[in-house]
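Participant: Below is one structure. I have some questions about it.
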2 protein chains.
Amino acid sequence: MDTLRDICRRAGLKATHQRLEILREMLQAKDHPSAEQIHQRVLRRLPTVSLDTVYRTLAAFDQHGVIARVFSSASCVRYDPAPERHDHFVCVKCNRIMDCRVSGAGRLRVPATVRTMGTVERIQVEVRGVCIRCLNRARGRRRWWKQTPE
Amino acid sequence: MDTLRDICRRAGLKATHQRLEILREMLQAKDHPSAEQIHQRVLRRLPTVSLDTVYRTLAAFDQHGVIARVFSSASCVRYDPAPERHDHFVCVKCNRIMDCRVSGAGRLRVPATVRTMGTVERIQVEVRGVCIRCLNRARGRRRWWKQTPE
DNA sequence: ATAGATGCAAAATGTTTGCAGTGGC
DNA sequence: GCCACTGCAAACATTTTGCATCTAT
């Protein structure tokens with residue numbers, strides 16, 4: 001079995017108190033917490049961690065594949081003119097969103113067990129990856145909305 | 001054919017200059033724009049619209065089903081401890097996220113045409129709806145992370 | 001006429017950054 | 001000892017709100 005320390009080191013990150021506690025909370029979380037929530041929880045054991053350390057640490061764990069960001073396409077809300085069903089290709093680097101079709105998407109069904117969670121309004125498929133533009137451009141750091149459209 | 005004015009009125013919204021222009025830009029947009037982007041574009045024809053009107057208007061159009069918010073699960077980033085593939089049920093009211101399984105999700109395939117958009121890292125299925133808790137509670141206005149977990 | 005929409009300015013929220021100091025390796 | 005990491009405070013970006021004014025119906 002892997003200790004928290006092992007996980008950190010294997011990811012190439014120094015195993016500090018803060019990180020171990022943040023990781024502990026993350027791994028036992030069942031609710032997809034935000035940075036602020038993790039901060040609150042870690043404070044119980046480590047009353048001095050700062051919120052920005054939590055931000056930095058979660059981002060680092062995400063980048064090294066230890067945890068995963070629940071996708072929330074960008075730093076801002078985006079709108080779609082088309083109400084008809086279609087899927088999205090979203091670039092994880094620049095957040096560009098392109099409409100696409102994923103085969104099998106029309107046949108997705110929600111099992112009865114999910115119905116107990118609430119009422120289903122729609123099922124959305126998101127393809128995450130790196131767009132060609134970002135692949136070509138070594139560093140795609142400019143904000144997506146300042147880049148030339150399409 | 002529907003004029004912009006018709007669309008507004010059918011949604012129960014007053015057809016103001018601002019709204020018509022915002023709607024025009026939205027309907028011809030191909031890039032899933034943000035509020036700020038729409039604001040920039042509308043400014044060309046209507047140099048006095050304010051950014052907050054754009055925010056309010058887009059939110060109104062969204063609520064009345066004229067356009068759709070590209071889902072970005074919440075106002076803040078959320079993390080997931082589990083790297084194994086699973087789907088998410090997301091409550092559109094309180095933003096609670098629950099793990100679930102959608103049948104057919106494992107068989108989704110990305111057609112070759114999508115490959116030209118970039119490299120695919122993963123396919124994520126999101127079930128959007130209203131969770132039982134929000135259904136039971138008439139007004140679920142509190143921030144999700146201030147509600148009792150699970 | 002009036003309910004609803006707008007513009008402005010200010011606040012709230014979530015996240016990032018620069019920097020000096022600390023601590024893991 | 002070195003370099004990555006931390007805490008603090010301040011900056012930043014996005015979105016929301018209160019209020020007086022305006023306007024579509």
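In the structure tokens, chains take letters A, B, ... by order of appearance, with residues numbered from 1 within each chain and ligands from 1 in the order shown.
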Both chains have the same sequence, so superpose chain B on chain A over all Cα atoms paired in order and return it as a PDB file with C-alpha atoms, in the first residue's frame.
Facilitator:
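Final file, selection.pdb:
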ATOM      1  CA  MET B   1       0.032   0.029  -0.120  1.00  0.00           C
ATOM      2  CA  ASP B   2       1.029   3.574  -0.851  1.00  0.00           C
ATOM      3  CA  THR B   3       1.618   6.105   1.831  1.00  0.00           C
ATOM      4  CA  LEU B   4       0.662   9.675   1.162  1.00  0.00           C
ATOM      5  CA  ARG B   5       4.365  10.441   1.180  1.00  0.00           C
ATOM      6  CA  ASP B   6       4.976   7.903  -1.573  1.00  0.00           C
ATOM      7  CA  ILE B   7       2.281   9.382  -3.728  1.00  0.00           C
ATOM      8  CA  CYS B   8       3.784  12.829  -3.421  1.00  0.00           C
ATOM      9  CA  ARG B   9       7.263  11.698  -4.194  1.00  0.00           C
ATOM     10  CA  ARG B  10       6.284   9.545  -7.106  1.00  0.00           C
ATOM     11  CA  ALA B  11       4.621  12.622  -8.551  1.00  0.00           C
ATOM     12  CA  GLY B  12       7.894  14.464  -8.161  1.00  0.00           C
ATOM     13  CA  LEU B  13       6.612  16.720  -5.418  1.00  0.00           C
ATOM     14  CA  LYS B  14       8.221  17.337  -2.072  1.00  0.00           C
ATOM     15  CA  ALA B  15       6.282  15.696   0.726  1.00  0.00           C
ATOM     16  CA  THR B  16       5.520  18.582   3.033  1.00  0.00           C
ATOM     17  CA  HIS B  17       3.129  18.507   5.983  1.00  0.00           C
ATOM     18  CA  GLN B  18       0.682  20.651   4.115  1.00  0.00           C
ATOM     19  CA  ARG B  19       0.701  18.461   1.041  1.00  0.00           C
ATOM     20  CA  LEU B  20       0.237  15.283   2.990  1.00  0.00           C
ATOM     21  CA  GLU B  21      -2.775  16.683   4.791  1.00  0.00           C
ATOM     22  CA  ILE B  22      -4.271  18.144   1.656  1.00  0.00           C
ATOM     23  CA  LEU B  23      -3.805  14.829  -0.096  1.00  0.00           C
ATOM     24  CA  ARG B  24      -5.306  12.941   2.812  1.00  0.00           C
ATOM     25  CA  GLU B  25      -8.426  15.074   2.697  1.00  0.00           C
ATOM     26  CA  MET B  26      -8.670  14.835  -1.053  1.00  0.00           C
ATOM     27  CA  LEU B  27      -8.396  11.064  -1.129  1.00  0.00           C
ATOM     28  CA  GLN B  28     -11.088  10.546   1.447  1.00  0.00           C
ATOM     29  CA  ALA B  29     -13.423  13.185   0.046  1.00  0.00           C
ATOM     30  CA  LYS B  30     -16.625  11.920  -1.489  1.00  0.00           C
ATOM     31  CA  ASP B  31     -18.060  15.229  -2.567  1.00  0.00           C
ATOM     32  CA  HIS B  32     -15.761  16.737  -5.198  1.00  0.00           C
ATOM     33  CA  PRO B  33     -14.623  19.563  -2.950  1.00  0.00           C
ATOM     34  CA  SER B  34     -13.439  23.031  -3.868  1.00  0.00           C
ATOM     35  CA  ALA B  35     -10.144  24.516  -2.746  1.00  0.00           C
ATOM     36  CA  GLU B  36     -11.934  26.385  -0.004  1.00  0.00           C
ATOM     37  CA  GLN B  37     -13.592  23.242   1.284  1.00  0.00           C
ATOM     38  CA  ILE B  38     -10.322  21.360   1.399  1.00  0.00           C
ATOM     39  CA  HIS B  39      -8.772  24.306   3.178  1.00  0.00           C
ATOM     40  CA  GLN B  40     -11.456  24.189   5.852  1.00  0.00           C
ATOM     41  CA  ARG B  41     -10.935  20.485   6.381  1.00  0.00           C
ATOM     42  CA  VAL B  42      -7.164  20.641   6.477  1.00  0.00           C
ATOM     43  CA  LEU B  43      -7.309  23.474   8.998  1.00  0.00           C
ATOM     44  CA  ARG B  44      -8.642  21.031  11.573  1.00  0.00           C
ATOM     45  CA  ARG B  45      -5.375  19.120  11.640  1.00  0.00           C
ATOM     46  CA  LEU B  46      -3.026  21.832  10.500  1.00  0.00           C
ATOM     47  CA  PRO B  47      -4.341  25.168  11.763  1.00  0.00           C
ATOM     48  CA  THR B  48      -1.801  27.239   9.895  1.00  0.00           C
ATOM     49  CA  VAL B  49      -2.152  26.227   6.257  1.00  0.00           C
ATOM     50  CA  SER B  50      -2.997  29.126   4.058  1.00  0.00           C
ATOM     51  CA  LEU B  51      -5.651  29.060   1.407  1.00  0.00           C
ATOM     52  CA  ASP B  52      -3.229  29.867  -1.357  1.00  0.00           C
ATOM     53  CA  THR B  53      -1.096  26.890  -0.479  1.00  0.00           C
ATOM     54  CA  VAL B  54      -4.159  24.760  -0.925  1.00  0.00           C
ATOM     55  CA  TYR B  55      -4.782  26.329  -4.303  1.00  0.00           C
ATOM     56  CA  ARG B  56      -1.203  25.763  -5.377  1.00  0.00           C
ATOM     57  CA  THR B  57      -1.096  22.249  -4.050  1.00  0.00           C
ATOM     58  CA  LEU B  58      -4.337  21.114  -5.638  1.00  0.00           C
ATOM     59  CA  ALA B  59      -3.174  22.560  -8.944  1.00  0.00           C
ATOM     60  CA  ALA B  60       0.114  20.695  -8.603  1.00  0.00           C
ATOM     61  CA  PHE B  61      -1.586  17.402  -7.781  1.00  0.00           C
ATOM     62  CA  ASP B  62      -3.848  17.905 -10.744  1.00  0.00           C
ATOM     63  CA  GLN B  63      -0.974  18.615 -13.110  1.00  0.00           C
ATOM     64  CA  HIS B  64       0.824  15.517 -11.952  1.00  0.00           C
ATOM     65  CA  GLY B  65      -2.213  13.329 -12.327  1.00  0.00           C
ATOM     66  CA  VAL B  66      -2.680  12.589  -8.629  1.00  0.00           C
ATOM     67  CA  ILE B  67      -6.174  14.028  -8.601  1.00  0.00           C
ATOM     68  CA  ALA B  68      -8.416  15.385 -11.347  1.00  0.00           C
ATOM     69  CA  ARG B  69     -10.049  18.717 -11.771  1.00  0.00           C
ATOM     70  CA  VAL B  70     -13.747  18.253 -12.304  1.00  0.00           C
ATOM     71  CA  PHE B  71     -13.987  19.952 -15.579  1.00  0.00           C
ATOM     72  CA  SER B  72     -15.415  23.412 -15.443  1.00  0.00           C
ATOM     73  CA  SER B  73     -14.527  24.613 -18.838  1.00  0.00           C
ATOM     74  CA  ALA B  74     -12.826  27.847 -17.941  1.00  0.00           C
ATOM     75  CA  SER B  75     -12.428  30.730 -15.610  1.00  0.00           C
ATOM     76  CA  CYS B  76     -15.612  32.183 -16.975  1.00  0.00           C
ATOM     77  CA  VAL B  77     -19.046  31.154 -18.121  1.00  0.00           C
ATOM     78  CA  ARG B  78     -19.498  30.450 -21.801  1.00  0.00           C
ATOM     79  CA  TYR B  79     -22.670  30.329 -23.837  1.00  0.00           C
ATOM     80  CA  ASP B  80     -23.859  28.184 -26.681  1.00  0.00           C
ATOM     81  CA  PRO B  81     -26.424  29.374 -29.225  1.00  0.00           C
ATOM     82  CA  ALA B  82     -27.489  25.869 -30.270  1.00  0.00           C
ATOM     83  CA  PRO B  83     -30.057  24.084 -28.181  1.00  0.00           C
ATOM     84  CA  GLU B  84     -29.928  20.949 -30.371  1.00  0.00           C
ATOM     85  CA  ARG B  85     -27.909  18.122 -28.980  1.00  0.00           C
ATOM     86  CA  HIS B  86     -24.256  18.084 -29.771  1.00  0.00           C
ATOM     87  CA  ASP B  87     -21.043  17.332 -27.984  1.00  0.00           C
ATOM     88  CA  HIS B  88     -18.058  19.477 -27.199  1.00  0.00           C
ATOM     89  CA  PHE B  89     -14.364  19.171 -27.735  1.00  0.00           C
ATOM     90  CA  VAL B  90     -12.672  21.296 -25.099  1.00  0.00           C
ATOM     91  CA  CYS B  91      -9.003  22.194 -25.136  1.00  0.00           C
ATOM     92  CA  VAL B  92      -7.520  21.829 -21.683  1.00  0.00           C
ATOM     93  CA  LYS B  93      -4.779  24.339 -22.515  1.00  0.00           C
ATOM     94  CA  CYS B  94      -6.621  27.277 -24.055  1.00  0.00           C
ATOM     95  CA  ASN B  95     -10.235  26.343 -23.198  1.00  0.00           C
ATOM     96  CA  ARG B  96     -11.347  26.629 -26.767  1.00  0.00           C
ATOM     97  CA  ILE B  97     -14.643  24.818 -27.276  1.00  0.00           C
ATOM     98  CA  MET B  98     -15.559  23.181 -30.556  1.00  0.00           C
ATOM     99  CA  ASP B  99     -18.776  21.407 -31.415  1.00  0.00           C
ATOM    100  CA  CYS B 100     -18.352  17.789 -32.376  1.00  0.00           C
ATOM    101  CA  ARG B 101     -20.115  14.449 -32.520  1.00  0.00           C
ATOM    102  CA  VAL B 102     -19.142  11.498 -30.441  1.00  0.00           C
ATOM    103  CA  SER B 103     -20.435   8.175 -31.719  1.00  0.00           C
ATOM    104  CA  GLY B 104     -22.630   6.443 -29.224  1.00  0.00           C
ATOM    105  CA  ALA B 105     -23.589   9.686 -27.500  1.00  0.00           C
ATOM    106  CA  GLY B 106     -27.146   9.401 -28.732  1.00  0.00           C
ATOM    107  CA  ARG B 107     -27.510   5.983 -27.161  1.00  0.00           C
ATOM    108  CA  LEU B 108     -26.446   6.937 -23.656  1.00  0.00           C
ATOM    109  CA  ARG B 109     -29.004   5.936 -21.070  1.00  0.00           C
ATOM    110  CA  VAL B 110     -29.321   6.857 -17.453  1.00  0.00           C
ATOM    111  CA  PRO B 111     -29.846   3.787 -15.261  1.00  0.00           C
ATOM    112  CA  ALA B 112     -32.628   3.766 -12.721  1.00  0.00           C
ATOM    113  CA  THR B 113     -30.140   4.161  -9.897  1.00  0.00           C
ATOM    114  CA  VAL B 114     -29.229   7.591 -11.194  1.00  0.00           C
ATOM    115  CA  ARG B 115     -32.869   8.585 -11.266  1.00  0.00           C
ATOM    116  CA  THR B 116     -32.830   8.369  -7.488  1.00  0.00           C
ATOM    117  CA  MET B 117     -30.282  11.180  -7.473  1.00  0.00           C
ATOM    118  CA  GLY B 118     -32.702  13.603  -9.066  1.00  0.00           C
ATOM    119  CA  THR B 119     -34.441  14.490 -12.296  1.00  0.00           C
ATOM    120  CA  VAL B 120     -32.340  14.301 -15.422  1.00  0.00           C
ATOM    121  CA  GLU B 121     -32.458  17.257 -17.786  1.00  0.00           C
ATOM    122  CA  ARG B 122     -29.805  16.274 -20.261  1.00  0.00           C
ATOM    123  CA  ILE B 123     -26.683  14.268 -20.819  1.00  0.00           C
ATOM    124  CA  GLN B 124     -23.660  16.131 -22.054  1.00  0.00           C
ATOM    125  CA  VAL B 125     -20.540  14.564 -23.504  1.00  0.00           C
ATOM    126  CA  GLU B 126     -17.277  16.431 -23.262  1.00  0.00           C
ATOM    127  CA  VAL B 127     -14.145  15.423 -25.094  1.00  0.00           C
ATOM    128  CA  ARG B 128     -11.107  16.805 -23.344  1.00  0.00           C
ATOM    129  CA  GLY B 129      -7.779  17.175 -25.050  1.00  0.00           C
ATOM    130  CA  VAL B 130      -5.333  19.611 -26.550  1.00  0.00           C
ATOM    131  CA  CYS B 131      -6.426  21.437 -29.691  1.00  0.00           C
ATOM    132  CA  ILE B 132      -4.264  21.546 -32.821  1.00  0.00           C
ATOM    133  CA  ARG B 133      -3.565  25.189 -32.330  1.00  0.00           C
ATOM    134  CA  CYS B 134      -2.080  24.568 -28.902  1.00  0.00           C
ATOM    135  CA  LEU B 135      -0.182  21.563 -30.198  1.00  0.00           C
ATOM    136  CA  ASN B 136       1.425  23.675 -32.889  1.00  0.00           C
ATOM    137  CA  ARG B 137       2.145  26.565 -30.642  1.00  0.00           C
ATOM    138  CA  ALA B 138       4.842  25.595 -28.154  1.00  0.00           C
ATOM    139  CA  ARG B 139       3.556  27.906 -25.486  1.00  0.00           C
ATOM    140  CA  GLY B 140      -0.136  28.678 -25.609  1.00  0.00           C
ATOM    141  CA  ARG B 141      -0.318  30.826 -22.575  1.00  0.00           C
ATOM    142  CA  ARG B 142      -2.440  33.698 -23.791  1.00  0.00           C
ATOM    143  CA  ARG B 143      -6.058  33.740 -22.633  1.00  0.00           C
ATOM    144  CA  TRP B 144      -8.204  31.884 -25.097  1.00  0.00           C
ATOM    145  CA  TRP B 145     -10.434  34.852 -25.725  1.00  0.00           C
ATOM    146  CA  LYS B 146      -7.509  37.018 -26.731  1.00  0.00           C
ATOM    147  CA  GLN B 147      -6.496  34.523 -29.373  1.00  0.00           C
ATOM    148  CA  THR B 148      -7.689  34.789 -32.944  1.00  0.00           C
ATOM    149  CA  PRO B 149     -11.092  33.131 -33.034  1.00  0.00           C
ATOM    150  CA  GLU B 150     -11.651  29.841 -34.854  1.00  0.00           C
TER     151      GLU B 150
END
Participant: Could you tell me which residues of chain D sit within 12 Å of chain B when counting only C-alpha atoms (C1' of nucleotides), and give me the result as a count of residues only?
Facilitator: 9
Participant: From a DSSP pass on the backbone, collect the residues of stretch 10-144 of chain B flagged as alpha helix (DSSP H) and hand them back as a PyMOL selection string.
Facilitator: chain B and resi 10+17-28+35-45+51-63+112-115+132-136
Participant: Write a file of the just-selected residues containing C-alpha atoms, as a JSON list (two decimals), in the first residue's frame.
Facilitator:
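Result written to selection_31.json:
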[["chain", "number", "residue", "atom", "x", "y", "z"],
["B", 10, "ARG", "CA", -41.91, 34.29, -26.77],
["B", 17, "HIS", "CA", -32.30, 47.22, -28.22],
["B", 18, "GLN", "CA", -29.66, 45.69, -26.04],
["B", 19, "ARG", "CA", -31.32, 42.31, -25.93],
["B", 20, "LEU", "CA", -31.85, 42.17, -29.65],
["B", 21, "GLU", "CA", -28.21, 42.92, -30.32],
["B", 22, "ILE", "CA", -26.99, 40.50, -27.70],
["B", 23, "LEU", "CA", -29.23, 37.82, -29.13],
["B", 24, "ARG", "CA", -28.08, 38.57, -32.65],
["B", 25, "GLU", "CA", -24.46, 38.12, -31.66],
["B", 26, "MET", "CA", -25.20, 34.99, -29.70],
["B", 27, "LEU", "CA", -27.09, 33.32, -32.52],
["B", 28, "GLN", "CA", -24.38, 33.93, -35.06],
["B", 35, "ALA", "CA", -20.10, 37.47, -21.54],
["B", 36, "GLU", "CA", -17.11, 39.68, -22.12],
["B", 37, "GLN", "CA", -16.73, 38.53, -25.70],
["B", 38, "ILE", "CA", -20.37, 39.17, -26.46],
["B", 39, "HIS", "CA", -20.04, 42.57, -24.86],
["B", 40, "GLN", "CA", -17.15, 43.44, -27.14],
["B", 41, "ARG", "CA", -19.09, 42.38, -30.20],
["B", 42, "VAL", "CA", -22.28, 44.15, -29.26],
["B", 43, "LEU", "CA", -20.36, 47.35, -28.57],
["B", 44, "ARG", "CA", -19.67, 47.66, -32.29],
["B", 45, "ARG", "CA", -23.33, 48.24, -33.05],
["B", 51, "LEU", "CA", -21.10, 44.71, -19.40],
["B", 52, "ASP", "CA", -23.49, 43.97, -16.59],
["B", 53, "THR", "CA", -26.45, 44.21, -18.92],
["B", 54, "VAL", "CA", -24.80, 41.57, -21.02],
["B", 55, "TYR", "CA", -24.34, 39.39, -17.97],
["B", 56, "ARG", "CA", -27.95, 39.84, -16.95],
["B", 57, "THR", "CA", -29.27, 39.31, -20.43],
["B", 58, "LEU", "CA", -27.30, 36.16, -21.13],
["B", 59, "ALA", "CA", -28.44, 34.75, -17.80],
["B", 60, "ALA", "CA", -32.03, 35.58, -18.68],
["B", 61, "PHE", "CA", -31.79, 33.98, -22.12],
["B", 62, "ASP", "CA", -30.28, 30.93, -20.52],
["B", 63, "GLN", "CA", -33.01, 30.65, -17.91],
["B", 112, "ALA", "CA", -11.76, 10.53, -37.05],
["B", 113, "THR", "CA", -13.12, 13.98, -37.82],
["B", 114, "VAL", "CA", -12.72, 14.93, -34.18],
["B", 115, "ARG", "CA", -9.13, 13.76, -34.22],
["B", 132, "ILE", "CA", -33.35, 15.24, -4.86],
["B", 133, "ARG", "CA", -32.27, 17.59, -2.15],
["B", 134, "CYS", "CA", -33.05, 20.61, -4.30],
["B", 135, "LEU", "CA", -36.31, 19.05, -5.43],
["B", 136, "ASN", "CA", -37.40, 18.61, -1.84]]
Participant: Would you give me, as a list of chain:residue names, the residues of chain C that come within 9 Å of chain A, using only C-alpha atoms (C1' of nucleotides)?
Facilitator: C:DT15, C:DT16, C:DG23, C:DG24, C:DC25
Participant: Give the strand (DSSP E) residues of stretch 6-127 of chain B, as assigned by DSSP on the backbone, as a list in words.
Facilitator: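 Checking each residue of stretch 6-127 of chain B, the strand (DSSP E) ones are Ala68, Arg69, Val70, Arg78, Tyr79, Asp80, Asp87, His88, Phe89, Val90, Cys91, Ile97, Met98, Asp99, Cys100, Gly118, Thr119, Val120, Glu121, Arg122, Ile123, Gln124, Val125, Glu126 and Val127 of chain B.
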Participant: Export C-alpha atoms of the chosen residues as a PDB file, in the first residue's frame?
Facilitator:
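Heads up, here's the output in part.pdb:
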ATOM      1  CA  ALA B  68     -27.522  27.339 -23.188  1.00  0.00           C
ATOM      2  CA  ARG B  69     -24.750  27.832 -20.735  1.00  0.00           C
ATOM      3  CA  VAL B  70     -21.848  25.613 -21.645  1.00  0.00           C
ATOM      4  CA  ARG B  78     -13.703  21.334  -7.956  1.00  0.00           C
ATOM      5  CA  TYR B  79     -11.452  18.329  -7.597  1.00  0.00           C
ATOM      6  CA  ASP B  80     -11.992  14.623  -7.874  1.00  0.00           C
ATOM      7  CA  ASP B  87     -19.450   9.853 -14.876  1.00  0.00           C
ATOM      8  CA  HIS B  88     -20.943  12.731 -12.975  1.00  0.00           C
ATOM      9  CA  PHE B  89     -24.420  13.764 -12.036  1.00  0.00           C
ATOM     10  CA  VAL B  90     -24.374  17.516 -11.537  1.00  0.00           C
ATOM     11  CA  CYS B  91     -27.192  19.477  -9.962  1.00  0.00           C
ATOM     12  CA  ILE B  97     -21.623  16.586  -7.988  1.00  0.00           C
ATOM     13  CA  MET B  98     -22.279  12.890  -7.550  1.00  0.00           C
ATOM     14  CA  ASP B  99     -20.439  10.026  -9.175  1.00  0.00           C
ATOM     15  CA  CYS B 100     -22.595   7.804 -11.320  1.00  0.00           C
ATOM     16  CA  GLY B 118      -6.601  17.844 -31.573  1.00  0.00           C
ATOM     17  CA  THR B 119      -5.435  14.988 -29.398  1.00  0.00           C
ATOM     18  CA  VAL B 120      -8.058  13.375 -27.224  1.00  0.00           C
ATOM     19  CA  GLU B 121      -7.211  12.838 -23.571  1.00  0.00           C
ATOM     20  CA  ARG B 122     -10.513  11.605 -22.265  1.00  0.00           C
ATOM     21  CA  ILE B 123     -14.232  11.597 -22.767  1.00  0.00           C
ATOM     22  CA  GLN B 124     -16.340  12.790 -19.892  1.00  0.00           C
ATOM     23  CA  VAL B 125     -20.071  12.288 -19.531  1.00  0.00           C
ATOM     24  CA  GLU B 126     -22.051  14.735 -17.463  1.00  0.00           C
ATOM     25  CA  VAL B 127     -25.635  14.197 -16.442  1.00  0.00           C
TER      26      VAL B 127
END
